[in-house]
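Student: Attaching a single structure in structure tokens format; questions to follow.
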Amino acid sequence: MSKQSFSFMESIIAIGALVTSSAAVYIAWDQAGVMHSEQHLSVMPAIQIDRFELDEGASVTVGFNIENAGVGPAFLQSATLTKKGDPIEGQEHLASEVPAGVVPTFSQMSGRVLAPGVMKQALTMQWRADALEPGQKADIYAKTDGLALEICYCSTLNRCWVSKSNTREHPKQLPGACPAPKKGGLF
């Protein structure tokens, strides 16, 4: 064999080795990305917020339930109650926004951990039916109709989302952490 053909053969082998090792690096990089995504999905919480209205005869109740429908724990960072988009800053503010006679019950949401499959009542407002005037039930439903609850929560891997009631959209992932809870807020 001539010296020139041997060097040509070495070049072909070297190029083949480079292509093969480049393909191996790409496959490893792609597989690492897939595994990273699977890791995040294996601990992803999914908070669902549902508004409820109950007329039980003796009382009228309006409130919000939250449920973690995901597969991982949800670290609740902040919760905000709004009326037609404007935040409600405290119990006095809430009392001025809804019909009189309500005794609101709040569950502390900020700083709590909600396990997968667990449902909690975040807010319950109850009016005794015997204290209501005729037609006041319709007023209760009309004045509480604009209330909405928004919760910011994170997974164990520090990915955070915002979930809102009164919407059928998936929670929106945040580019960073949840904002700090507001002072004087309800939750």
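Just so we're on the same page: first chain in the structure tokens is A, next is B, and so on; residues restart at 1 for each chain, and ligands are numbered from 1 in the order they show up.
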Pull the closest atom pair for each residue of stretch 76-114 of chain A that gets at most 9 Å from stretch 146-155 of chain A, along with the distance in Å to one decimal, counting only C-alpha atoms, ordering rows by chain and then ascending residue number, as CSV.

Tutor:
residue,atom,partner,partner_atom,distance
A:Leu76,CA,A:Tyr153,CA,4.4
A:Gln77,CA,A:Tyr153,CA,5.2
A:Ser78,CA,A:Cys152,CA,5.3
A:Ala79,CA,A:Ile151,CA,4.3
A:Thr80,CA,A:Glu150,CA,5.2
A:Leu81,CA,A:Leu149,CA,4.6
A:Thr82,CA,A:Ala148,CA,5.2
A:Lys83,CA,A:Leu147,CA,4.4
A:Lys84,CA,A:Gly146,CA,5.0
A:Gly85,CA,A:Ala148,CA,7.9
A:Met109,CA,A:Ile151,CA,8.6
A:Ser110,CA,A:Ile151,CA,8.9

Student: Output as JSON lines one row per residue of stretch 144-184 of chain A within 7 Å of stretch 40-56 of chain A: the closest atom pair and its distance in Å to one decimal place, counting only C-alpha atoms, sorted by chain and residue number ascending.

Tutor:
{"residue": "A:Ser155", "atom": "CA", "partner": "A:Met44", "partner_atom": "CA", "distance": 5.9}
{"residue": "A:Thr156", "atom": "CA", "partner": "A:Val43", "partner_atom": "CA", "distance": 6.9}
{"residue": "A:Leu157", "atom": "CA", "partner": "A:His40", "partner_atom": "CA", "distance": 6.9}
{"residue": "A:Ser163", "atom": "CA", "partner": "A:Ile47", "partner_atom": "CA", "distance": 6.4}
{"residue": "A:Lys164", "atom": "CA", "partner": "A:Ile49", "partner_atom": "CA", "distance": 6.6}
{"residue": "A:Ser165", "atom": "CA", "partner": "A:Ile49", "partner_atom": "CA", "distance": 5.1}

Student: Write out as an mmCIF file with N, CA and C atoms, in the first residue's frame each polymer residue whose atoms come within 10 Å of stretch 105-108 of chain A, counting only C-alpha atoms; drop sequence neighbours fewer than 6 positions from it.

Tutor:
data_model
loop_
_atom_site.group_PDB
_atom_site.id
_atom_site.type_symbol
_atom_site.label_atom_id
_atom_site.label_comp_id
_atom_site.auth_asym_id
_atom_site.auth_seq_id
_atom_site.Cartn_x
_atom_site.Cartn_y
_atom_site.Cartn_z
ATOM 1 N N GLY A 63 -68.160 30.626 48.485
ATOM 2 C CA GLY A 63 -66.749 30.485 48.827
ATOM 3 C C GLY A 63 -65.923 29.901 47.709
ATOM 4 N N PHE A 64 -64.688 29.539 48.066
ATOM 5 C CA PHE A 64 -63.734 28.975 47.112
ATOM 6 C C PHE A 64 -63.072 27.737 47.705
ATOM 7 N N LEU A 76 -47.728 26.854 48.564
ATOM 8 C CA LEU A 76 -48.538 28.041 48.311
ATOM 9 C C LEU A 76 -47.775 29.271 48.800
ATOM 10 N N SER A 78 -48.643 32.741 47.763
ATOM 11 C CA SER A 78 -49.522 33.886 48.002
ATOM 12 C C SER A 78 -50.897 33.616 47.420
ATOM 13 N N ALA A 79 -51.894 34.247 47.998
ATOM 14 C CA ALA A 79 -53.266 34.149 47.516
ATOM 15 C C ALA A 79 -53.864 35.549 47.554
ATOM 16 N N GLN A 91 -60.355 42.202 55.722
ATOM 17 C CA GLN A 91 -61.711 41.774 56.035
ATOM 18 C C GLN A 91 -62.708 42.929 55.978
ATOM 19 N N LYS A 120 -59.006 21.948 49.979
ATOM 20 C CA LYS A 120 -59.204 22.818 51.141
ATOM 21 C C LYS A 120 -60.193 23.912 50.772
ATOM 22 N N GLN A 121 -60.938 24.370 51.779
ATOM 23 C CA GLN A 121 -61.762 25.566 51.583
ATOM 24 C C GLN A 121 -60.890 26.762 51.917
ATOM 25 N N ALA A 122 -60.681 27.616 50.937
ATOM 26 C CA ALA A 122 -59.851 28.794 51.140
ATOM 27 C C ALA A 122 -60.649 29.931 51.757
ATOM 28 N N LEU A 123 -61.893 30.063 51.358
ATOM 29 C CA LEU A 123 -62.742 31.161 51.829
ATOM 30 C C LEU A 123 -64.177 30.670 51.873
ATOM 31 N N THR A 124 -64.846 30.971 52.984
ATOM 32 C CA THR A 124 -66.262 30.660 53.118
ATOM 33 C C THR A 124 -66.961 31.892 53.688
ATOM 34 N N MET A 125 -67.994 32.337 53.010
ATOM 35 C CA MET A 125 -68.840 33.432 53.509
ATOM 36 C C MET A 125 -70.240 32.870 53.670
ATOM 37 N N GLN A 126 -70.797 33.046 54.862
ATOM 38 C CA GLN A 126 -72.090 32.432 55.142
ATOM 39 C C GLN A 126 -73.054 33.456 55.723
ATOM 40 N N LEU A 186 -55.929 39.194 52.669
ATOM 41 C CA LEU A 186 -56.785 38.257 53.379
ATOM 42 C C LEU A 186 -56.095 36.953 53.706
ATOM 43 N N PHE A 187 -55.139 36.539 52.901
ATOM 44 C CA PHE A 187 -54.555 35.221 53.059
ATOM 45 C C PHE A 187 -53.098 35.294 53.468
#

Student: Show me, as JSON, numbers by chain, the residues that have an atom within 9 Å of A:Ile140 when counting only C-alpha atoms, minus same-chain residues fewer than 5 positions from it.

Tutor: {"A": [60, 62, 98, 99, 127, 145]}

Student: Give me, as a PyMOL selection string, the residues of stretch 34-92 of chain A that a backbone DSSP run labels strand (DSSP E or B).

Tutor: chain A and resi 47-55+59-68+74-83+86-87

Student: Please, could you write that set of residues out with C-alpha atoms as a CSV table (one decimal), in the first residue's frame?

Tutor:
chain,number,residue,atom,x,y,z
A,47,ILE,CA,-53.9,23.9,41.7
A,48,GLN,CA,-57.5,24.1,40.7
A,49,ILE,CA,-59.7,26.8,42.2
A,50,ASP,CA,-63.5,26.3,42.2
A,51,ARG,CA,-66.1,28.8,43.4
A,52,PHE,CA,-69.1,27.4,45.1
A,53,GLU,CA,-72.6,28.7,46.1
A,54,LEU,CA,-74.8,26.7,48.4
A,55,ASP,CA,-78.4,27.4,49.5
A,59,SER,CA,-78.0,29.4,55.3
A,60,VAL,CA,-76.5,30.8,52.1
A,61,THR,CA,-72.8,30.1,51.6
A,62,VAL,CA,-70.4,31.4,48.9
A,63,GLY,CA,-66.7,30.5,48.8
A,64,PHE,CA,-63.7,29.0,47.1
A,65,ASN,CA,-62.3,25.5,47.2
A,66,ILE,CA,-58.7,24.8,46.1
A,67,GLU,CA,-57.4,21.4,45.1
A,68,ASN,CA,-54.0,20.1,44.1
A,74,ALA,CA,-47.8,22.6,46.0
A,75,PHE,CA,-46.0,25.2,48.1
A,76,LEU,CA,-48.5,28.0,48.3
A,77,GLN,CA,-46.7,31.3,48.2
A,78,SER,CA,-49.5,33.9,48.0
A,79,ALA,CA,-53.3,34.1,47.5
A,80,THR,CA,-55.2,37.2,46.4
A,81,LEU,CA,-58.9,37.8,46.4
A,82,THR,CA,-60.2,40.3,43.9
A,83,LYS,CA,-63.5,41.8,42.9
A,86,ASP,CA,-59.3,44.9,42.0
A,87,PRO,CA,-57.5,43.3,45.0
